[in-house]
Amino acid sequence: MKNILVTGGAGYIGSHTVVEMLNMNMNVVIVDNLRNSKEEALRRIEKITGIKPTFYKVDLLDRSALASVFRAEKFDAVVHFAGLKAVGESTQIPLSYYQNNVTGTLNLCELMIKHSVRNLVFSSSATVYGDPHKTPIKESFPRSATNPYGRTKLMIEEILQDLYDSDNAWNISLLRYFNPIGAHPSGMIGEDPNDIPNNLVPFISQVAIGKLNKLAVFGADYPTHDGTGVRDYIHVVDLAKGHIKALQKLSENPGIQAFNLGTGRGYSVLDIVSTFERVNKVKIPYETAGRRPGDIAVCYADASKAEKELGWRAELPLEDMCADTWRWQLQNPNGYE
Ligand code: NAD
Ligand code: UD1
């Protein structure tokens, strides 16, 4: 797998994955409409790697523009990150989410068929497990969705299964990410949320730098060791490396497979606060608030399938996740602007 189309490659996880791909001497072509990212991320990728990836500012919903990318370039595989990802927003504008995520994927797959590209890595999410009946979560657990965003991931997984069933020449890796956090250790690329962050670690980081006053801890009455929600936080660089392993696996013609990409360890909200404070020598004021609707108590992966079949394991500890988040925030107090 040498020539790779990366959709959404200017985004948070995409940019980190492109860096790892360029480090492996892969030829990368990025397609992104920059709806949730900045072109500056691409210049930073070049600064880190010394290589400028080819970039097309194209929306996956624009079939003719996407078709011209497929005519101009040659691909062995596609890594498909492009999508909208905010759970709250998805409940406000569900049709945009279905249109963007589902139709965008259909357009992409149609062109892949037309140009005989049958290798695909898809960004799925632990959200497809809904409220899991137990932890750690295995790939074989039942899937469900609790919001339109999650439903787009579930639908796309099912569409890709149908596609594989229709033609076994496809090789598809459904990567179910747990909670990606952190940033490249250079501090040059990282997560750059528009508006006030919804997710825990970007919020903490903005409290630490003084942009936000204090963290609201959503629920301290969960059945966990300190009452706060437990998640499987994974360093974005480890996650990025998982995509390289998934691409390598596709060359063995594995068919369609799902993999959990997580560390297999759960940390509570207060564990994250205290680790961030200790590692970065900052204070995170917080107060306990009510539970956030739709949140679950505990979510962490059984990541043994990825270890066994992809030869991948998350290696970076929570301390690095917190230190790298903070380095990115300090070096870029206003993100890429
Ligand atoms: P991101 O928003 O930073 O990156 C997504 C990129 O896709 C952005 O650059 C955006 O501009 C682009 N994009 C969106 N719609 C597009 C379209 N129609 N055409 C072209 N480009 C388009 O998000 P991320 O955190 O890097 O997430 C990447 C993928 O991983 C998403 O599919 C997301 O749902 C999934 N995921 C993310 C997380 C997470 O916590 N970040 C967890 C699980 C799954
Ligand atoms: C969220 C998404 C989920 C997505 C995942 C990874 C929601 C409801 N779910 O899940 O679909 O797959 O991100 O991107 O948005 N917390 C606080 N205060 C805050 C923010 C969060 O206490 O200001 C708590 C939450 O209650 C949770 C933990 O921190 O216990 C992690 O929250 P978050 O980062 O939003 O991730 P998820 O809830 O796992």
# chains A, B, ... in the order shown; residues from 1 in each chain; ligands from 1

$ select_by_dssp --residues "region 49-248 of chain A" --states "helix (DSSP H, G or I)" --output "ChimeraX atom specification"
/A:49,63-72,87-92,94-114,126-128,148-166,200-208,236-248

$ residues_near_ligand --ligand "ligand 1" --cutoff "8 Å" --atoms "only C-alpha atoms and all ligand atoms" --output "PyMOL selection string"
chain A and resi 7-15+31-38+57-61+80-86+100-101+104+122-127+149+153+176-181+191-193+199

$ write_last_selection --atoms "N, CA and C atoms" --output "compact mmCIF listing (two decimals), in the first residue's frame"
# COMPACT_ATOMS: atom_id res chain seq x y z
N THR A 7 -9.07 11.03 3.12
CA THR A 7 -10.15 12.02 3.21
C THR A 7 -10.14 12.59 4.63
N GLY A 8 -10.35 13.89 4.76
CA GLY A 8 -10.33 14.49 6.09
C GLY A 8 -8.92 14.57 6.67
N GLY A 9 -7.93 14.60 5.79
CA GLY A 9 -6.53 14.56 6.22
C GLY A 9 -6.02 15.84 6.87
N ALA A 10 -6.81 16.92 6.79
CA ALA A 10 -6.40 18.16 7.46
C ALA A 10 -6.91 18.20 8.90
N GLY A 11 -7.76 17.25 9.27
CA GLY A 11 -8.37 17.25 10.60
C GLY A 11 -7.44 16.70 11.67
N TYR A 12 -8.00 16.58 12.85
CA TYR A 12 -7.20 16.20 14.03
C TYR A 12 -6.51 14.84 13.86
N ILE A 13 -7.29 13.80 13.69
CA ILE A 13 -6.68 12.46 13.61
C ILE A 13 -6.01 12.28 12.25
N GLY A 14 -6.65 12.83 11.20
CA GLY A 14 -6.09 12.72 9.85
C GLY A 14 -4.70 13.32 9.75
N SER A 15 -4.50 14.50 10.32
CA SER A 15 -3.18 15.15 10.18
C SER A 15 -2.10 14.32 10.87
N VAL A 31 -7.80 14.84 0.61
CA VAL A 31 -9.02 15.53 0.18
C VAL A 31 -9.72 16.01 1.44
N ASP A 32 -9.98 17.31 1.51
CA ASP A 32 -10.66 17.86 2.69
C ASP A 32 -11.35 19.14 2.25
N ASN A 33 -12.57 19.37 2.77
CA ASN A 33 -13.25 20.63 2.42
C ASN A 33 -12.95 21.74 3.43
N LEU A 34 -12.13 21.44 4.42
CA LEU A 34 -11.71 22.40 5.46
C LEU A 34 -12.90 22.93 6.28
N ARG A 35 -13.97 22.18 6.30
CA ARG A 35 -15.13 22.62 7.11
C ARG A 35 -14.79 22.66 8.59
N ASN A 36 -13.98 21.71 9.03
CA ASN A 36 -13.62 21.68 10.46
C ASN A 36 -12.11 21.65 10.65
N SER A 37 -11.39 22.28 9.73
CA SER A 37 -9.92 22.26 9.84
C SER A 37 -9.35 23.45 9.09
N LYS A 38 -8.03 23.61 9.20
CA LYS A 38 -7.38 24.76 8.56
C LYS A 38 -6.24 24.28 7.67
N LYS A 57 -8.76 20.74 -2.12
CA LYS A 57 -9.86 21.26 -1.29
C LYS A 57 -11.17 20.86 -1.99
N VAL A 58 -11.65 19.70 -1.61
CA VAL A 58 -12.82 19.12 -2.28
C VAL A 58 -13.76 18.57 -1.22
N ASP A 59 -15.05 18.76 -1.46
CA ASP A 59 -16.08 18.22 -0.58
C ASP A 59 -16.51 16.85 -1.13
N LEU A 60 -16.63 15.87 -0.26
CA LEU A 60 -17.04 14.53 -0.73
C LEU A 60 -18.45 14.56 -1.33
N LEU A 61 -19.21 15.58 -1.00
CA LEU A 61 -20.56 15.67 -1.57
C LEU A 61 -20.52 16.20 -3.00
N HIS A 80 -10.40 6.84 5.26
CA HIS A 80 -11.56 7.74 5.19
C HIS A 80 -11.92 8.32 6.56
N PHE A 81 -11.36 9.52 6.82
CA PHE A 81 -11.66 10.23 8.08
C PHE A 81 -12.79 11.23 7.93
N ALA A 82 -13.01 11.74 6.69
CA ALA A 82 -13.89 12.90 6.53
C ALA A 82 -15.28 12.63 7.06
N GLY A 83 -15.72 13.48 7.96
CA GLY A 83 -17.06 13.33 8.51
C GLY A 83 -17.28 14.40 9.56
N LEU A 84 -18.53 14.60 9.89
CA LEU A 84 -18.87 15.51 10.99
C LEU A 84 -18.96 14.66 12.25
N LYS A 85 -18.56 15.24 13.40
CA LYS A 85 -18.37 14.36 14.57
C LYS A 85 -18.94 14.87 15.89
N ALA A 86 -19.66 15.99 15.86
CA ALA A 86 -20.13 16.54 17.14
C ALA A 86 -21.51 15.96 17.49
N ASN A 100 -23.84 14.40 5.01
CA ASN A 100 -22.38 14.52 4.93
C ASN A 100 -21.69 13.17 5.12
N ASN A 101 -22.05 12.49 6.20
CA ASN A 101 -21.30 11.28 6.54
C ASN A 101 -21.68 10.09 5.65
N GLY A 104 -21.50 11.18 1.70
CA GLY A 104 -20.07 11.36 1.40
C GLY A 104 -19.38 10.01 1.22
N PHE A 122 -11.78 2.70 7.45
CA PHE A 122 -12.85 3.63 7.82
C PHE A 122 -12.77 4.01 9.31
N SER A 123 -12.92 5.32 9.57
CA SER A 123 -12.94 5.84 10.94
C SER A 123 -14.30 5.59 11.57
N SER A 124 -14.40 4.49 12.30
CA SER A 124 -15.61 4.27 13.08
C SER A 124 -15.34 4.71 14.51
N SER A 125 -16.20 4.32 15.42
CA SER A 125 -16.10 4.87 16.77
C SER A 125 -16.64 3.88 17.78
N ALA A 126 -16.15 3.99 19.00
CA ALA A 126 -16.70 3.18 20.09
C ALA A 126 -18.16 3.52 20.34
N THR A 127 -18.61 4.63 19.77
CA THR A 127 -20.02 5.00 19.92
C THR A 127 -20.94 3.92 19.33
N TYR A 149 -25.24 11.17 15.13
CA TYR A 149 -23.83 10.97 14.78
C TYR A 149 -23.48 9.48 14.86
N LYS A 153 -22.33 6.36 11.92
CA LYS A 153 -21.21 5.39 11.97
C LYS A 153 -21.73 3.97 11.81
N ARG A 176 -12.58 1.18 15.22
CA ARG A 176 -13.45 1.80 16.23
C ARG A 176 -12.57 2.47 17.29
N TYR A 177 -12.49 3.80 17.15
CA TYR A 177 -11.63 4.56 18.07
C TYR A 177 -12.33 4.73 19.41
N PHE A 178 -11.54 4.66 20.48
CA PHE A 178 -12.07 5.03 21.79
C PHE A 178 -11.86 6.56 21.95
N ASN A 179 -11.18 7.07 22.96
CA ASN A 179 -11.15 8.54 23.11
C ASN A 179 -9.78 9.11 22.76
N PRO A 180 -9.60 9.55 21.52
CA PRO A 180 -8.30 10.09 21.12
C PRO A 180 -8.04 11.44 21.79
N ILE A 181 -6.87 11.58 22.37
CA ILE A 181 -6.45 12.87 22.96
C ILE A 181 -4.97 13.05 22.67
N GLU A 191 -5.36 19.11 18.28
CA GLU A 191 -6.80 19.30 18.10
C GLU A 191 -7.13 20.78 18.25
N ASP A 192 -7.89 21.31 17.29
CA ASP A 192 -8.17 22.75 17.24
C ASP A 192 -9.68 22.96 17.17
N PRO A 193 -10.37 22.81 18.31
CA PRO A 193 -11.83 22.86 18.24
C PRO A 193 -12.33 24.27 17.91
N ASN A 199 -15.51 18.08 24.31
CA ASN A 199 -14.82 16.91 24.86
C ASN A 199 -13.93 17.31 26.03

$ residues_around --residues "Ile209 (chain A)" --least-positions-apart "6" --cutoff "10 Å" --atoms "only C-alpha atoms" --output "PDB file with N, CA, C and O atoms, in the first residue's frame"
ATOM      1  N   VAL A 282      -0.018  22.647  36.531  1.00  0.00           N
ATOM      2  CA  VAL A 282      -1.043  23.686  36.385  1.00  0.00           C
ATOM      3  C   VAL A 282      -2.211  23.316  37.297  1.00  0.00           C
ATOM      4  O   VAL A 282      -2.287  22.187  37.797  1.00  0.00           O
ATOM      5  N   LYS A 283      -3.096  24.259  37.521  1.00  0.00           N
ATOM      6  CA  LYS A 283      -4.256  24.007  38.371  1.00  0.00           C
ATOM      7  C   LYS A 283      -5.500  23.983  37.473  1.00  0.00           C
ATOM      8  O   LYS A 283      -5.667  24.841  36.613  1.00  0.00           O
ATOM      9  N   ILE A 284      -6.350  22.990  37.669  1.00  0.00           N
ATOM     10  CA  ILE A 284      -7.606  22.913  36.912  1.00  0.00           C
ATOM     11  C   ILE A 284      -8.773  23.062  37.887  1.00  0.00           C
ATOM     12  O   ILE A 284      -9.206  22.073  38.502  1.00  0.00           O
ATOM     13  N   TRP A 326      -0.724  19.703  26.370  1.00  0.00           N
ATOM     14  CA  TRP A 326      -0.367  21.005  26.941  1.00  0.00           C
ATOM     15  C   TRP A 326       0.682  21.717  26.094  1.00  0.00           C
ATOM     16  O   TRP A 326       0.622  22.930  25.892  1.00  0.00           O
ATOM     17  N   GLN A 329      -1.123  23.236  23.216  1.00  0.00           N
ATOM     18  CA  GLN A 329      -1.931  24.383  23.658  1.00  0.00           C
ATOM     19  C   GLN A 329      -1.042  25.604  23.929  1.00  0.00           C
ATOM     20  O   GLN A 329      -1.356  26.705  23.508  1.00  0.00           O
ATOM     21  N   LEU A 330       0.098  25.373  24.590  1.00  0.00           N
ATOM     22  CA  LEU A 330       0.984  26.498  24.919  1.00  0.00           C
ATOM     23  C   LEU A 330       1.601  27.114  23.665  1.00  0.00           C
ATOM     24  O   LEU A 330       1.714  28.326  23.557  1.00  0.00           O
ATOM     25  N   PRO A 333      -1.813  28.977  21.378  1.00  0.00           N
ATOM     26  CA  PRO A 333      -2.936  29.318  22.259  1.00  0.00           C
ATOM     27  C   PRO A 333      -4.233  29.546  21.493  1.00  0.00           C
ATOM     28  O   PRO A 333      -5.314  29.314  22.033  1.00  0.00           O
TER      29      PRO A 333
END

$ residues_around --residues "region 216-219 of chain A" --least-positions-apart "4" --cutoff "10 Å" --atoms "only C-alpha atoms" --output "JSON, numbers by chain"
{"A": [200, 203, 204, 227, 228, 229, 269, 270, 273, 285, 286, 287, 288, 289, 290, 291, 292, 293, 295, 297]}

$ write_last_selection --atoms "all heavy atoms" --output "compact mmCIF listing (two decimals), in the first residue's frame"
# COMPACT_ATOMS: atom_id res chain seq x y z
N LEU A 200 -13.68 16.33 26.89
CA LEU A 200 -13.05 16.62 28.18
C LEU A 200 -11.67 17.26 28.07
O LEU A 200 -11.40 18.30 28.67
CB LEU A 200 -12.96 15.31 29.00
CG LEU A 200 -12.29 15.47 30.36
CD1 LEU A 200 -13.13 16.35 31.28
CD2 LEU A 200 -12.06 14.10 31.00
N PHE A 203 -11.28 20.73 26.72
CA PHE A 203 -11.87 21.68 27.67
C PHE A 203 -10.87 21.96 28.81
O PHE A 203 -10.59 23.11 29.15
CB PHE A 203 -13.19 21.11 28.22
CG PHE A 203 -14.06 22.16 28.85
CD1 PHE A 203 -15.16 22.67 28.18
CD2 PHE A 203 -13.78 22.64 30.13
CE1 PHE A 203 -15.96 23.65 28.76
CE2 PHE A 203 -14.57 23.63 30.72
CZ PHE A 203 -15.67 24.13 30.04
N ILE A 204 -10.30 20.88 29.36
CA ILE A 204 -9.32 21.03 30.45
C ILE A 204 -8.16 21.91 30.00
O ILE A 204 -7.69 22.79 30.73
CB ILE A 204 -8.80 19.63 30.89
CG1 ILE A 204 -9.90 18.89 31.65
CG2 ILE A 204 -7.53 19.74 31.71
CD1 ILE A 204 -9.49 17.50 32.13
N GLY A 227 -16.74 7.99 41.25
CA GLY A 227 -18.06 8.52 40.91
C GLY A 227 -18.13 9.22 39.56
O GLY A 227 -19.21 9.53 39.06
N THR A 228 -16.96 9.49 38.93
CA THR A 228 -16.98 10.19 37.64
C THR A 228 -16.79 9.21 36.49
O THR A 228 -16.29 8.09 36.69
CB THR A 228 -15.92 11.32 37.59
OG1 THR A 228 -14.60 10.76 37.61
CG2 THR A 228 -16.07 12.28 38.78
N GLY A 229 -17.20 9.62 35.30
CA GLY A 229 -17.22 8.72 34.14
C GLY A 229 -15.83 8.21 33.75
O GLY A 229 -14.85 8.95 33.85
N VAL A 269 -12.80 10.97 34.99
CA VAL A 269 -12.62 12.41 34.74
C VAL A 269 -11.62 12.97 35.76
O VAL A 269 -10.71 13.72 35.39
CB VAL A 269 -13.99 13.14 34.84
CG1 VAL A 269 -13.79 14.65 34.73
CG2 VAL A 269 -14.94 12.64 33.77
N LEU A 270 -11.78 12.58 37.02
CA LEU A 270 -10.88 13.14 38.04
C LEU A 270 -9.45 12.59 37.91
O LEU A 270 -8.49 13.28 38.25
CB LEU A 270 -11.44 12.91 39.45
CG LEU A 270 -12.76 13.65 39.73
CD1 LEU A 270 -13.23 13.42 41.17
CD2 LEU A 270 -12.62 15.16 39.46
N VAL A 273 -8.01 14.92 35.36
CA VAL A 273 -7.72 16.24 35.94
C VAL A 273 -6.44 16.17 36.76
O VAL A 273 -5.53 16.99 36.60
CB VAL A 273 -8.91 16.72 36.82
CG1 VAL A 273 -8.51 17.95 37.64
CG2 VAL A 273 -10.12 17.02 35.95
N PRO A 285 -9.28 24.27 38.06
CA PRO A 285 -10.45 24.40 38.93
C PRO A 285 -11.64 23.65 38.33
O PRO A 285 -11.82 23.68 37.11
CB PRO A 285 -10.74 25.92 38.93
CG PRO A 285 -9.60 26.56 38.22
CD PRO A 285 -8.89 25.52 37.42
N TYR A 286 -12.38 22.95 39.18
CA TYR A 286 -13.56 22.25 38.66
C TYR A 286 -14.68 22.25 39.68
O TYR A 286 -14.46 22.48 40.87
CB TYR A 286 -13.20 20.81 38.24
CG TYR A 286 -12.86 19.88 39.39
CD1 TYR A 286 -13.84 19.19 40.07
CD2 TYR A 286 -11.53 19.69 39.76
CE1 TYR A 286 -13.51 18.33 41.11
CE2 TYR A 286 -11.18 18.84 40.79
CZ TYR A 286 -12.18 18.16 41.46
OH TYR A 286 -11.85 17.32 42.50
N GLU A 287 -15.89 22.01 39.19
CA GLU A 287 -17.02 21.81 40.09
C GLU A 287 -17.87 20.67 39.54
O GLU A 287 -17.86 20.41 38.33
CB GLU A 287 -17.85 23.09 40.22
CG GLU A 287 -18.54 23.48 38.93
CD GLU A 287 -19.27 24.82 39.02
OE1 GLU A 287 -19.14 25.52 40.03
OE2 GLU A 287 -19.99 25.13 38.05
N THR A 288 -18.56 20.02 40.46
CA THR A 288 -19.39 18.90 40.02
C THR A 288 -20.71 19.43 39.50
O THR A 288 -21.34 20.29 40.12
CB THR A 288 -19.64 17.95 41.20
OG1 THR A 288 -18.36 17.53 41.69
CG2 THR A 288 -20.43 16.73 40.76
N ALA A 289 -21.09 18.95 38.31
CA ALA A 289 -22.38 19.33 37.72
C ALA A 289 -23.20 18.07 37.53
O ALA A 289 -22.75 16.97 37.86
CB ALA A 289 -22.12 20.03 36.39
N GLY A 290 -24.40 18.21 36.98
CA GLY A 290 -25.23 17.03 36.74
C GLY A 290 -24.67 16.19 35.61
O GLY A 290 -23.78 16.63 34.87
N ARG A 291 -25.20 15.00 35.47
CA ARG A 291 -24.78 14.12 34.37
C ARG A 291 -25.13 14.75 33.02
O ARG A 291 -26.17 15.42 32.91
CB ARG A 291 -25.49 12.78 34.46
CG ARG A 291 -25.08 11.94 35.65
CD ARG A 291 -25.79 10.60 35.59
NE ARG A 291 -25.40 9.74 36.70
CZ ARG A 291 -25.69 8.44 36.78
NH1 ARG A 291 -26.40 7.86 35.81
NH2 ARG A 291 -25.30 7.72 37.80
N ARG A 292 -24.32 14.53 32.01
CA ARG A 292 -24.64 14.99 30.66
C ARG A 292 -25.56 13.95 30.03
O ARG A 292 -25.23 12.75 30.01
CB ARG A 292 -23.34 15.13 29.85
CG ARG A 292 -23.53 15.62 28.42
CD ARG A 292 -22.21 15.96 27.76
NE ARG A 292 -21.34 14.79 27.58
CZ ARG A 292 -20.12 14.82 27.01
NH1 ARG A 292 -19.64 15.97 26.57
NH2 ARG A 292 -19.42 13.72 26.91
N PRO A 293 -26.71 14.39 29.49
CA PRO A 293 -27.64 13.41 28.91
C PRO A 293 -26.94 12.56 27.85
O PRO A 293 -26.18 13.08 27.04
CB PRO A 293 -28.73 14.27 28.27
CG PRO A 293 -28.62 15.61 28.92
CD PRO A 293 -27.20 15.77 29.35
N ASP A 295 -24.67 10.31 28.34
CA ASP A 295 -23.37 9.76 28.75
C ASP A 295 -23.53 8.39 29.42
O ASP A 295 -24.54 8.13 30.07
CB ASP A 295 -22.69 10.71 29.75
CG ASP A 295 -21.83 11.75 29.06
OD1 ASP A 295 -21.77 11.74 27.82
OD2 ASP A 295 -21.22 12.57 29.77
N ALA A 297 -21.55 5.36 31.98
CA ALA A 297 -20.65 5.38 33.14
C ALA A 297 -19.22 4.98 32.74
O ALA A 297 -18.26 5.69 33.03
CB ALA A 297 -21.18 4.44 34.22

$ select_by_dssp --residues "region 159-324 of chain A" --states "strand (DSSP E)" --output "PyMOL selection string"
chain A and resi 171-177+179-181+215-218+230-231+233-235+256-261+267-268+286-289+298-299

$ closest_residue --among "A:Leu106, A:Leu261, A:Val128, A:Ile93" --to "Ser173 (chain A)" --atoms "only C-alpha atoms"
A:Leu261

$ closest_residue --among "A:Ser144, A:Gln248, A:Thr135, A:Asn27" --to "Cys299 (chain A)" --atoms "only C-alpha atoms"
A:Thr135

$ closest_residue --among "A:Asn260, A:Ser166, A:Asn332, A:Gln206" --to "Ala306 (chain A)" --atoms "only C-alpha atoms"
A:Asn260

$ residues_around --residues "Val117 (chain A)" --least-positions-apart "5" --cutoff "7 Å" --atoms "only C-alpha atoms" --output "NGL selection string"
:A and (75-77 or 112)

$ atom_distance --atom1 "CA of Met26 (chain A)" --atom2 "CA of Gly182 (chain A)"
23.8 Å

$ closest_residue --among "A:Gly255, A:Asp221, A:Val78, A:Pro148" --to "Thr91 (chain A)" --atoms "only C-alpha atoms"
A:Pro148
